[in-house]
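Scroll down for the structure; my scribbles are underneath it.
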Amino acid sequence: MSNVNEMVDKLLQELRRGTITIAVLSQLEKPQYGYSLVTILAEKGVQVEAGTLYPLLRRLEKQGLLISEWDTNEARPRKFYLLSALGKDVYIKLLDEWKKMASSMEGLINGGGTEHGND
Amino acid sequence: MEMIEKYIYAVTHRLPQSQRADIAMELRGLIEDMLGERTNGGPVAQEDVESVLLELGHPKDLAEKYRGSKRYLIGPELFHPYITVLKIVFFALVVAMSVVFIIEYMIEPRSVVEHIFGYVTSVVSASMQAFVWITVGFAIAQYKGVAPKAGIAEESEKWSPSYLPPVPDQKKRIKRGEAITGIVFSILFLVFLYSSSHVFGVMMFEDGELVNVIPFLNGERIEQFINIIYVITVIGILKEGLKLIIGKWTKKLALYNLILNAVTLVLVAFLFNDQAIWNPDFMQELNQVSKADLNQDTYDLIKTIWMQSKAWVVIGFTIVLIIDTVSGFYKAYLK
């Protein structure tokens with residue numbers, strides 16, 4: 001049994017890696033700092049470790065999808081992230097693809113395999 | 001809290017200088033946020049800090065995520081050729097040293113313990129040297145990105161199936177055996193020059209027993225030049241290592257080959273054009289040992305051969321290296 005769990009864990013990790021990016025982009029129309037994002041995502045059922053999310057935010061910023069700004073007005077300085085113009089475009093396209101993929105997967109899993117492509 | 005600062009330092013000192021301050025500030029904020037959530041704004045206990053840091057995970061892992069890539073001294077794509085070169089070099093070293101050991105034993109069977117001791121120490125020390133240099137060489141190759149993907153990376157970023165390089169012609173492929181032979185020869189070159197004063201020469205047999213060796217080379221001189229000999233050997237192994245890594249003749253490899261061969265040639269010429277490197281008493285010793293058997297004609301003949309072969313060593317090296325270089329370019333440009 002532990003073998004099954006191990007395998008599932010491993011594959012799930014790979015599966016999550018791709019979806020986390022979409023999850024993050026979906027929440028950044030308004031500026032958020034890292035930990036608030038962890039909380040929001042957790043509330044909506046997407047568990048992301050801070051240790052994964054913080055580096056990811058940085059990477060997305062480097063790729064030009066996010067812009068960031070330090071807010072030093074409050075007691076605790078925080079780095080806020082926000083979708084860039086490019087990030088918005090990318091997110092919209094990505095969302096499209098995600099929906100297609102989700103419905104294809106749905107078809108595959110429920111339809112037993114042959115239905116897809118007959119319609 | 002001291003532990004928090006220790007943790008932040010443990011992460012950031014593994015990161016590029018330019019990002020350290022920013023990430024440190026970000027992490028400090030994150031840890032405070034996590035603590036705040038845990039204690040609901042109440043006083044923070046040591047256990048809270050510990051559990052937050054445990055949740056963030058090992059500093060090394062976190063730093064790795066920030067870097068986005070793992071760092072290797074010798075990465076997976078180079079590891080296999082690295083091990084191959086190590087194996088070949090060790091094997092060649094042991095074989096060459098064993099030959100030297102056997103010859104030494106035959107010359108002086110009585111001091112066998114001494115020979116065994118010398119044999120073991122020289123195998124160990126030579127292996128250490130080889131290990132260090134090969135590792136350094138491969139680490140540099142890793143750092144400079146001399147990876148096997150060179151074949152495709154040479155082309156532009158846009159890729160189309162028509163860019164696929166042809167399956168290397170049988171003639172372009174570098175056979176492992178070829179590289180292995182090259183390394184073995186480099187090692188033999190080193191070991192025989194190194195022990196030149198007592199095993200590399202004309203062997204005199206009496207009743208089927210080896211009684212004396214008249215060395216070709218001047219041992220003292222060799223000792224002075226030992227560093228040059230090391231360099232020649234290292235270059236030889238480096239060259240074969242590159243061949244093993246790249247696997248087929250490319251323009252880049254042919255160029256490397258040219259450069260390394262040129263350096264080798266310069267060093268070899270420098271070494272052997274110095275007349276003092278040859279055993280100055282060679283003819284005399286030969287004459288002495290076989291006094292009875294040599295008449296004037298034979299003596300003259302041997303002398304001529306001796307004088308000429310000195311010159312021919314450099315010429316021979318030159319020819320071999322030129323052929324090697326040209327054939328490299330020929331194979332690289334072969335369609």
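Identifiers in this document derive from the order of the structure tokens: chains are assigned A, B, ..., residues are numbered from 1 separately in each chain, and ligands are numbered from 1 in order of occurrence.
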With only C-alpha atoms as the counted atoms, please give the residues lying no more than 10 Å from stretch 93-96 of chain A, apart from itself and same-chain residues fewer than 3 positions off, as number ranges by chain. A: 21-23, 25-26, 87-90, 99-102
Output the contact residues of chain A with respect to chain B at a cut-off of 8 Å, based on only C-alpha atoms, as number ranges by chain. A: 34-35, 49-52, 54-56, 58, 76-79
Keeping only N, CA and C atoms, write those residues as a PDB file, in the first residue's frame.
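What follows is the written file selection_5.pdb:
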```
ATOM      1  N   GLY A  34       3.207  37.665  -0.354  1.00  0.00           N
ATOM      2  CA  GLY A  34       3.323  36.213  -0.376  1.00  0.00           C
ATOM      3  C   GLY A  34       2.433  35.485   0.610  1.00  0.00           C
ATOM      4  N   TYR A  35       2.492  35.906   1.871  1.00  0.00           N
ATOM      5  CA  TYR A  35       1.781  35.101   2.849  1.00  0.00           C
ATOM      6  C   TYR A  35       0.269  35.246   2.741  1.00  0.00           C
ATOM      7  N   GLU A  49       2.864  25.433  -0.072  1.00  0.00           N
ATOM      8  CA  GLU A  49       3.790  25.803   0.992  1.00  0.00           C
ATOM      9  C   GLU A  49       4.436  27.146   0.655  1.00  0.00           C
ATOM     10  N   ALA A  50       4.652  27.923   1.720  1.00  0.00           N
ATOM     11  CA  ALA A  50       5.296  29.221   1.516  1.00  0.00           C
ATOM     12  C   ALA A  50       6.656  29.034   0.839  1.00  0.00           C
ATOM     13  N   GLY A  51       7.342  27.976   1.239  1.00  0.00           N
ATOM     14  CA  GLY A  51       8.670  27.715   0.683  1.00  0.00           C
ATOM     15  C   GLY A  51       8.640  27.439  -0.811  1.00  0.00           C
ATOM     16  N   THR A  52       7.480  27.057  -1.338  1.00  0.00           N
ATOM     17  CA  THR A  52       7.338  26.853  -2.776  1.00  0.00           C
ATOM     18  C   THR A  52       6.859  28.129  -3.445  1.00  0.00           C
ATOM     19  N   TYR A  54       7.019  31.411  -2.499  1.00  0.00           N
ATOM     20  CA  TYR A  54       7.892  32.595  -2.557  1.00  0.00           C
ATOM     21  C   TYR A  54       8.881  32.526  -3.725  1.00  0.00           C
ATOM     22  N   PRO A  55       9.570  31.422  -3.873  1.00  0.00           N
ATOM     23  CA  PRO A  55      10.461  31.349  -5.043  1.00  0.00           C
ATOM     24  C   PRO A  55       9.695  31.433  -6.366  1.00  0.00           C
ATOM     25  N   LEU A  56       8.485  30.845  -6.385  1.00  0.00           N
ATOM     26  CA  LEU A  56       7.697  30.876  -7.617  1.00  0.00           C
ATOM     27  C   LEU A  56       7.333  32.319  -7.987  1.00  0.00           C
ATOM     28  N   ARG A  58       8.913  34.984  -7.310  1.00  0.00           N
ATOM     29  CA  ARG A  58      10.115  35.619  -7.824  1.00  0.00           C
ATOM     30  C   ARG A  58      10.385  35.233  -9.280  1.00  0.00           C
ATOM     31  N   ARG A  76       5.633  46.066   9.223  1.00  0.00           N
ATOM     32  CA  ARG A  76       6.373  44.951   8.658  1.00  0.00           C
ATOM     33  C   ARG A  76       6.515  45.182   7.160  1.00  0.00           C
ATOM     34  N   PRO A  77       7.689  45.388   6.640  1.00  0.00           N
ATOM     35  CA  PRO A  77       7.795  45.607   5.192  1.00  0.00           C
ATOM     36  C   PRO A  77       7.388  44.354   4.421  1.00  0.00           C
ATOM     37  N   ARG A  78       6.564  44.550   3.410  1.00  0.00           N
ATOM     38  CA  ARG A  78       6.092  43.396   2.642  1.00  0.00           C
ATOM     39  C   ARG A  78       6.237  43.659   1.152  1.00  0.00           C
ATOM     40  N   LYS A  79       6.519  42.589   0.460  1.00  0.00           N
ATOM     41  CA  LYS A  79       6.667  42.720  -0.990  1.00  0.00           C
ATOM     42  C   LYS A  79       5.353  42.310  -1.641  1.00  0.00           C
TER      43      LYS A  79
END
```
Every residue of stretch 37-179 of chain B that DSSP places in alpha helix (DSSP H), as JSON, numbers by chain: {"B": [37, 38, 39, 46, 47, 48, 49, 50, 51, 52, 53, 54, 55, 56, 59, 60, 61, 62, 63, 64, 65, 66, 67, 76, 77, 78, 79, 80, 81, 82, 83, 84, 85, 86, 87, 88, 89, 90, 91, 92, 93, 94, 95, 96, 97, 98, 99, 100, 101, 102, 103, 104, 105, 106, 107, 112, 113, 114, 115, 116, 117, 118, 119, 120, 121, 122, 123, 124, 125, 126, 127, 128, 129, 130, 131, 132, 133, 134, 135, 136, 137, 138, 139, 140, 141, 142, 143, 144, 150, 151, 152, 153, 176, 177, 178, 179]}
Output C-alpha atoms of each residue in that selection to a file, as a short mmCIF file (atom, residue, chain, number, x, y, z; two decimals), in the first residue's frame.
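The result, stored in result.cif:
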```cif
data_model
loop_
_atom_site.label_atom_id
_atom_site.label_comp_id
_atom_site.auth_asym_id
_atom_site.auth_seq_id
_atom_site.Cartn_x
_atom_site.Cartn_y
_atom_site.Cartn_z
CA GLU B 37 -0.82 33.48 12.51
CA ARG B 38 0.30 30.79 14.91
CA THR B 39 0.15 32.92 18.03
CA GLN B 46 10.77 29.32 20.97
CA GLU B 47 8.69 26.28 19.94
CA ASP B 48 6.64 28.45 17.59
CA VAL B 49 9.75 29.64 15.84
CA GLU B 50 11.03 26.11 15.55
CA SER B 51 7.81 24.79 14.10
CA VAL B 52 7.63 27.62 11.56
CA LEU B 53 11.20 27.00 10.44
CA LEU B 54 10.50 23.28 10.24
CA GLU B 55 7.55 24.03 8.01
CA LEU B 56 9.74 26.11 5.72
CA PRO B 59 17.57 25.95 4.25
CA LYS B 60 19.43 24.12 1.50
CA ASP B 61 16.17 23.01 -0.14
CA LEU B 62 14.65 26.45 0.12
CA ALA B 63 17.75 28.03 -1.39
CA GLU B 64 17.58 25.48 -4.18
CA LYS B 65 14.00 26.47 -4.93
CA TYR B 66 15.04 30.11 -5.04
CA ARG B 67 17.87 29.33 -7.40
CA PRO B 76 24.47 13.94 -14.77
CA GLU B 77 25.28 14.47 -18.44
CA LEU B 78 29.02 14.47 -17.73
CA PHE B 79 29.06 11.90 -14.99
CA HIS B 80 29.21 8.89 -17.27
CA PRO B 81 32.20 10.03 -19.37
CA TYR B 82 33.83 11.18 -16.14
CA ILE B 83 33.64 7.71 -14.64
CA THR B 84 34.78 6.19 -17.93
CA VAL B 85 37.88 8.39 -18.09
CA LEU B 86 38.67 7.68 -14.44
CA LYS B 87 38.43 3.94 -14.99
CA ILE B 88 40.61 4.00 -18.09
CA VAL B 89 43.23 6.20 -16.49
CA PHE B 90 43.42 4.08 -13.34
CA PHE B 91 43.59 0.92 -15.38
CA ALA B 92 46.33 2.29 -17.63
CA LEU B 93 48.26 3.58 -14.62
CA VAL B 94 48.16 0.22 -12.90
CA VAL B 95 49.20 -1.61 -16.06
CA ALA B 96 52.06 0.77 -16.81
CA MET B 97 53.30 0.77 -13.24
CA SER B 98 53.11 -3.00 -13.14
CA VAL B 99 55.30 -3.25 -16.21
CA VAL B 100 57.82 -0.95 -14.57
CA PHE B 101 57.63 -3.02 -11.41
CA ILE B 102 58.28 -6.27 -13.28
CA ILE B 103 61.25 -4.82 -15.12
CA GLU B 104 62.66 -3.42 -11.90
CA TYR B 105 62.23 -6.77 -10.27
CA MET B 106 63.99 -8.53 -13.13
CA ILE B 107 66.93 -6.18 -12.90
CA VAL B 112 61.86 -7.12 -4.05
CA VAL B 113 60.31 -5.65 -0.87
CA GLU B 114 61.60 -2.26 -1.80
CA HIS B 115 60.14 -2.60 -5.31
CA ILE B 116 56.76 -3.66 -3.98
CA PHE B 117 56.75 -0.74 -1.60
CA GLY B 118 57.71 1.67 -4.35
CA TYR B 119 55.12 0.12 -6.66
CA VAL B 120 52.28 0.54 -4.17
CA THR B 121 53.20 4.09 -3.19
CA SER B 122 53.58 5.21 -6.78
CA VAL B 123 50.27 3.62 -7.81
CA VAL B 124 48.51 5.32 -4.91
CA SER B 125 50.08 8.74 -5.40
CA ALA B 126 49.67 8.65 -9.18
CA SER B 127 46.02 7.62 -8.78
CA MET B 128 45.41 10.52 -6.41
CA GLN B 129 47.02 12.93 -8.85
CA ALA B 130 45.00 11.52 -11.71
CA PHE B 131 41.79 11.68 -9.71
CA VAL B 132 42.33 15.31 -8.79
CA TRP B 133 43.21 16.44 -12.29
CA ILE B 134 40.46 14.56 -14.02
CA THR B 135 37.92 15.89 -11.55
CA VAL B 136 39.17 19.44 -11.99
CA GLY B 137 39.07 19.06 -15.75
CA PHE B 138 35.51 17.76 -15.77
CA ALA B 139 34.39 20.39 -13.27
CA ILE B 140 35.68 23.07 -15.64
CA ALA B 141 33.92 21.37 -18.53
CA GLN B 142 30.72 21.40 -16.46
CA TYR B 143 31.15 25.05 -15.57
CA LYS B 144 31.86 26.07 -19.16
CA ALA B 150 26.40 20.93 -28.40
CA GLY B 151 25.25 19.26 -31.60
CA ILE B 152 21.87 20.96 -31.61
CA ALA B 153 22.71 24.02 -29.56
CA ARG B 176 35.43 4.50 -27.40
CA GLY B 177 38.34 2.22 -28.12
CA GLU B 178 40.12 5.04 -29.92
CA ALA B 179 39.85 7.36 -26.95
#
```
Write down as a list in words the residues belonging to chain A that are assigned strand (DSSP E) by DSSP computed on the backbone. Gln32, Tyr33, Leu66, Ile67, Ser68, Glu69, Trp70, Asp71, Arg78, Lys79, Phe80, Tyr81, Leu82 and Leu83 of chain A
Dump of all heavy atoms for the selected residues, as a tab-separated table (two decimals), in the first residue's frame:
```
chain	number	residue	atom	x	y	z
A	32	GLN	N	-1.05	41.38	-3.85
A	32	GLN	CA	-1.01	40.54	-2.65
A	32	GLN	C	0.45	40.33	-2.27
A	32	GLN	O	1.31	40.30	-3.14
A	32	GLN	CB	-1.60	39.15	-2.94
A	32	GLN	CG	-3.04	39.13	-3.39
A	32	GLN	CD	-4.01	39.37	-2.25
A	32	GLN	OE1	-3.59	39.50	-1.08
A	32	GLN	NE2	-5.29	39.48	-2.57
A	33	TYR	N	0.68	40.15	-1.01
A	33	TYR	CA	2.03	39.73	-0.63
A	33	TYR	C	2.02	38.23	-0.41
A	33	TYR	O	0.93	37.61	-0.35
A	33	TYR	CB	2.53	40.49	0.60
A	33	TYR	CG	1.75	40.31	1.86
A	33	TYR	CD1	2.12	39.35	2.80
A	33	TYR	CD2	0.64	41.10	2.12
A	33	TYR	CE1	1.41	39.17	3.97
A	33	TYR	CE2	-0.08	40.93	3.29
A	33	TYR	CZ	0.29	39.96	4.21
A	33	TYR	OH	-0.41	39.79	5.36
A	66	LEU	N	4.69	39.11	-13.49
A	66	LEU	CA	4.28	39.85	-12.30
A	66	LEU	C	5.16	41.09	-12.14
A	66	LEU	O	6.29	41.12	-12.63
A	66	LEU	CB	4.43	38.98	-11.04
A	66	LEU	CG	3.68	37.66	-10.97
A	66	LEU	CD1	3.97	36.97	-9.66
A	66	LEU	CD2	2.18	37.90	-11.12
A	67	ILE	N	4.59	42.09	-11.46
A	67	ILE	CA	5.43	43.19	-11.01
A	67	ILE	C	5.35	43.24	-9.49
A	67	ILE	O	4.37	42.79	-8.91
A	67	ILE	CB	5.00	44.55	-11.61
A	67	ILE	CG1	3.48	44.62	-11.70
A	67	ILE	CG2	5.61	44.76	-12.96
A	67	ILE	CD1	2.98	45.88	-12.34
A	68	SER	N	6.39	43.76	-8.88
A	68	SER	CA	6.39	43.74	-7.42
A	68	SER	C	6.75	45.11	-6.88
A	68	SER	O	7.36	45.92	-7.57
A	68	SER	CB	7.40	42.72	-6.91
A	68	SER	OG	8.69	43.22	-7.08
A	69	GLU	N	6.36	45.32	-5.65
A	69	GLU	CA	6.71	46.57	-5.00
A	69	GLU	C	6.78	46.34	-3.50
A	69	GLU	O	5.93	45.63	-2.94
A	69	GLU	CB	5.63	47.62	-5.31
A	69	GLU	CG	6.16	49.03	-5.14
A	69	GLU	CD	5.09	50.06	-5.51
A	69	GLU	OE1	4.18	49.72	-6.29
A	69	GLU	OE2	5.18	51.17	-5.01
A	70	TRP	N	7.78	46.92	-2.89
A	70	TRP	CA	7.88	46.81	-1.44
A	70	TRP	C	6.98	47.86	-0.81
A	70	TRP	O	7.02	49.03	-1.18
A	70	TRP	CB	9.32	47.06	-0.99
A	70	TRP	CG	10.17	45.84	-1.10
A	70	TRP	CD1	11.03	45.53	-2.11
A	70	TRP	CD2	10.24	44.76	-0.17
A	70	TRP	NE1	11.63	44.33	-1.88
A	70	TRP	CE2	11.18	43.83	-0.69
A	70	TRP	CE3	9.62	44.48	1.05
A	70	TRP	CZ2	11.50	42.65	-0.03
A	70	TRP	CZ3	9.93	43.31	1.71
A	70	TRP	CH2	10.86	42.40	1.16
A	71	ASP	N	6.17	47.41	0.14
A	71	ASP	CA	5.40	48.36	0.92
A	71	ASP	C	6.06	48.48	2.28
A	71	ASP	O	6.02	47.55	3.09
A	71	ASP	CB	3.94	47.87	1.08
A	71	ASP	CG	3.13	48.83	1.92
A	71	ASP	OD1	3.68	49.89	2.30
A	71	ASP	OD2	1.96	48.53	2.19
A	78	ARG	N	6.56	44.55	3.41
A	78	ARG	CA	6.09	43.40	2.64
A	78	ARG	C	6.24	43.66	1.15
A	78	ARG	O	6.05	44.76	0.68
A	78	ARG	CB	4.63	43.13	2.96
A	78	ARG	CG	4.45	42.39	4.25
A	78	ARG	CD	3.03	42.45	4.69
A	78	ARG	NE	2.83	41.62	5.88
A	78	ARG	CZ	1.85	41.81	6.74
A	78	ARG	NH1	0.98	42.79	6.54
A	78	ARG	NH2	1.72	41.02	7.77
A	79	LYS	N	6.52	42.59	0.46
A	79	LYS	CA	6.67	42.72	-0.99
A	79	LYS	C	5.35	42.31	-1.64
A	79	LYS	O	4.92	41.16	-1.49
A	79	LYS	CB	7.80	41.82	-1.46
A	79	LYS	CG	8.30	42.17	-2.85
A	79	LYS	CD	9.48	41.29	-3.22
A	79	LYS	CE	10.14	41.79	-4.47
A	79	LYS	NZ	11.28	40.93	-4.85
A	80	PHE	N	4.73	43.24	-2.32
A	80	PHE	CA	3.46	42.97	-2.97
A	80	PHE	C	3.67	42.62	-4.44
A	80	PHE	O	4.46	43.25	-5.12
A	80	PHE	CB	2.53	44.19	-2.84
A	80	PHE	CG	1.87	44.28	-1.50
A	80	PHE	CD1	2.55	44.79	-0.41
A	80	PHE	CD2	0.56	43.85	-1.33
A	80	PHE	CE1	1.95	44.87	0.83
A	80	PHE	CE2	-0.06	43.92	-0.09
A	80	PHE	CZ	0.64	44.43	1.00
A	81	TYR	N	2.91	41.65	-4.86
A	81	TYR	CA	3.01	41.23	-6.27
A	81	TYR	C	1.68	41.49	-6.97
A	81	TYR	O	0.61	41.40	-6.36
A	81	TYR	CB	3.33	39.74	-6.37
A	81	TYR	CG	4.73	39.37	-5.98
A	81	TYR	CD1	5.04	39.01	-4.67
A	81	TYR	CD2	5.76	39.40	-6.92
A	81	TYR	CE1	6.33	38.66	-4.32
A	81	TYR	CE2	7.05	39.06	-6.57
A	81	TYR	CZ	7.33	38.69	-5.27
A	81	TYR	OH	8.60	38.35	-4.92
A	82	LEU	N	1.78	41.81	-8.27
A	82	LEU	CA	0.60	42.16	-9.05
A	82	LEU	C	0.83	41.68	-10.48
A	82	LEU	O	1.97	41.70	-10.97
A	82	LEU	CB	0.44	43.70	-9.02
A	82	LEU	CG	-0.69	44.34	-9.80
A	82	LEU	CD1	-2.03	44.01	-9.16
A	82	LEU	CD2	-0.48	45.86	-9.82
A	83	LEU	N	-0.27	41.28	-11.15
A	83	LEU	CA	-0.14	40.87	-12.55
A	83	LEU	C	0.36	42.03	-13.41
A	83	LEU	O	-0.13	43.15	-13.28
A	83	LEU	CB	-1.49	40.42	-13.12
A	83	LEU	CG	-2.00	39.02	-12.82
A	83	LEU	CD1	-3.33	38.82	-13.54
A	83	LEU	CD2	-1.01	37.97	-13.26
```
Which residues are close to B:Val231, i.e. within 12 Å by only C-alpha atoms, leaving aside same-chain residues fewer than 2 positions away? Reply as an MDAnalysis selection string. chainID B and resid 130 133 186:187 189:190 225:229 233:238 260 263:268 271
Generate a file of the selected residues that holds N, CA and C atoms, formatted as a PDB file, in the first residue's frame.
```
ATOM      1  N   ALA B 130      45.882  11.676 -10.558  1.00  0.00           N
ATOM      2  CA  ALA B 130      45.002  11.518 -11.713  1.00  0.00           C
ATOM      3  C   ALA B 130      43.577  11.886 -11.327  1.00  0.00           C
ATOM      4  N   TRP B 133      43.174  15.709 -11.022  1.00  0.00           N
ATOM      5  CA  TRP B 133      43.213  16.445 -12.285  1.00  0.00           C
ATOM      6  C   TRP B 133      42.021  16.145 -13.174  1.00  0.00           C
ATOM      7  N   SER B 186      48.977   7.943 -23.391  1.00  0.00           N
ATOM      8  CA  SER B 186      49.421   9.090 -22.588  1.00  0.00           C
ATOM      9  C   SER B 186      50.034   8.621 -21.282  1.00  0.00           C
ATOM     10  N   ILE B 187      49.347   7.679 -20.655  1.00  0.00           N
ATOM     11  CA  ILE B 187      49.834   7.182 -19.365  1.00  0.00           C
ATOM     12  C   ILE B 187      51.163   6.449 -19.546  1.00  0.00           C
ATOM     13  N   PHE B 189      53.345   6.921 -21.821  1.00  0.00           N
ATOM     14  CA  PHE B 189      54.327   7.972 -22.071  1.00  0.00           C
ATOM     15  C   PHE B 189      54.846   8.523 -20.748  1.00  0.00           C
ATOM     16  N   LEU B 190      53.902   8.839 -19.868  1.00  0.00           N
ATOM     17  CA  LEU B 190      54.280   9.419 -18.577  1.00  0.00           C
ATOM     18  C   LEU B 190      55.113   8.443 -17.755  1.00  0.00           C
ATOM     19  N   PHE B 225      62.464  18.180 -15.861  1.00  0.00           N
ATOM     20  CA  PHE B 225      61.386  18.530 -16.799  1.00  0.00           C
ATOM     21  C   PHE B 225      60.080  17.829 -16.475  1.00  0.00           C
ATOM     22  N   ILE B 226      60.015  17.213 -15.291  1.00  0.00           N
ATOM     23  CA  ILE B 226      58.862  16.349 -15.015  1.00  0.00           C
ATOM     24  C   ILE B 226      57.533  17.085 -15.123  1.00  0.00           C
ATOM     25  N   ASN B 227      57.558  18.389 -14.790  1.00  0.00           N
ATOM     26  CA  ASN B 227      56.294  19.128 -14.876  1.00  0.00           C
ATOM     27  C   ASN B 227      55.795  19.236 -16.309  1.00  0.00           C
ATOM     28  N   ILE B 228      56.736  19.444 -17.227  1.00  0.00           N
ATOM     29  CA  ILE B 228      56.342  19.513 -18.638  1.00  0.00           C
ATOM     30  C   ILE B 228      55.758  18.173 -19.076  1.00  0.00           C
ATOM     31  N   ILE B 229      56.375  17.101 -18.593  1.00  0.00           N
ATOM     32  CA  ILE B 229      55.881  15.776 -18.959  1.00  0.00           C
ATOM     33  C   ILE B 229      54.472  15.561 -18.400  1.00  0.00           C
ATOM     34  N   THR B 233      51.006  14.862 -20.553  1.00  0.00           N
ATOM     35  CA  THR B 233      50.098  13.752 -20.255  1.00  0.00           C
ATOM     36  C   THR B 233      48.680  14.257 -20.007  1.00  0.00           C
ATOM     37  N   VAL B 234      48.587  15.313 -19.186  1.00  0.00           N
ATOM     38  CA  VAL B 234      47.260  15.841 -18.861  1.00  0.00           C
ATOM     39  C   VAL B 234      46.561  16.314 -20.135  1.00  0.00           C
ATOM     40  N   ILE B 235      47.305  16.978 -21.016  1.00  0.00           N
ATOM     41  CA  ILE B 235      46.705  17.439 -22.272  1.00  0.00           C
ATOM     42  C   ILE B 235      46.212  16.250 -23.087  1.00  0.00           C
ATOM     43  N   GLY B 236      47.024  15.200 -23.108  1.00  0.00           N
ATOM     44  CA  GLY B 236      46.630  14.008 -23.859  1.00  0.00           C
ATOM     45  C   GLY B 236      45.331  13.427 -23.328  1.00  0.00           C
ATOM     46  N   ILE B 237      45.231  13.338 -22.007  1.00  0.00           N
ATOM     47  CA  ILE B 237      44.023  12.763 -21.409  1.00  0.00           C
ATOM     48  C   ILE B 237      42.834  13.695 -21.624  1.00  0.00           C
ATOM     49  N   LEU B 238      43.097  14.988 -21.499  1.00  0.00           N
ATOM     50  CA  LEU B 238      42.054  15.988 -21.724  1.00  0.00           C
ATOM     51  C   LEU B 238      41.458  15.849 -23.130  1.00  0.00           C
ATOM     52  N   LEU B 260      45.174  21.647 -28.764  1.00  0.00           N
ATOM     53  CA  LEU B 260      45.847  20.762 -27.812  1.00  0.00           C
ATOM     54  C   LEU B 260      47.053  20.084 -28.463  1.00  0.00           C
ATOM     55  N   VAL B 263      49.933  22.605 -28.711  1.00  0.00           N
ATOM     56  CA  VAL B 263      50.622  22.784 -27.431  1.00  0.00           C
ATOM     57  C   VAL B 263      51.517  21.576 -27.143  1.00  0.00           C
ATOM     58  N   THR B 264      50.962  20.379 -27.361  1.00  0.00           N
ATOM     59  CA  THR B 264      51.740  19.165 -27.139  1.00  0.00           C
ATOM     60  C   THR B 264      53.017  19.190 -27.959  1.00  0.00           C
ATOM     61  N   LEU B 265      52.864  19.547 -29.227  1.00  0.00           N
ATOM     62  CA  LEU B 265      54.013  19.524 -30.135  1.00  0.00           C
ATOM     63  C   LEU B 265      55.099  20.487 -29.655  1.00  0.00           C
ATOM     64  N   VAL B 266      54.671  21.675 -29.268  1.00  0.00           N
ATOM     65  CA  VAL B 266      55.636  22.661 -28.778  1.00  0.00           C
ATOM     66  C   VAL B 266      56.398  22.088 -27.584  1.00  0.00           C
ATOM     67  N   LEU B 267      55.650  21.492 -26.655  1.00  0.00           N
ATOM     68  CA  LEU B 267      56.279  20.957 -25.445  1.00  0.00           C
ATOM     69  C   LEU B 267      57.209  19.798 -25.770  1.00  0.00           C
ATOM     70  N   VAL B 268      56.745  18.908 -26.633  1.00  0.00           N
ATOM     71  CA  VAL B 268      57.574  17.748 -27.000  1.00  0.00           C
ATOM     72  C   VAL B 268      58.846  18.212 -27.690  1.00  0.00           C
ATOM     73  N   LEU B 271      61.179  19.611 -25.253  1.00  0.00           N
ATOM     74  CA  LEU B 271      61.757  18.554 -24.426  1.00  0.00           C
ATOM     75  C   LEU B 271      62.872  17.810 -25.160  1.00  0.00           C
TER      76      LEU B 271
END
```
Figure out the distance between atom CA of A:Ala42 and atom CA of B:Met3, please, to one decimal in Å.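 Taking atom CA of B:Met3 and atom CA of A:Ala42, their separation equals 27.0 Å.
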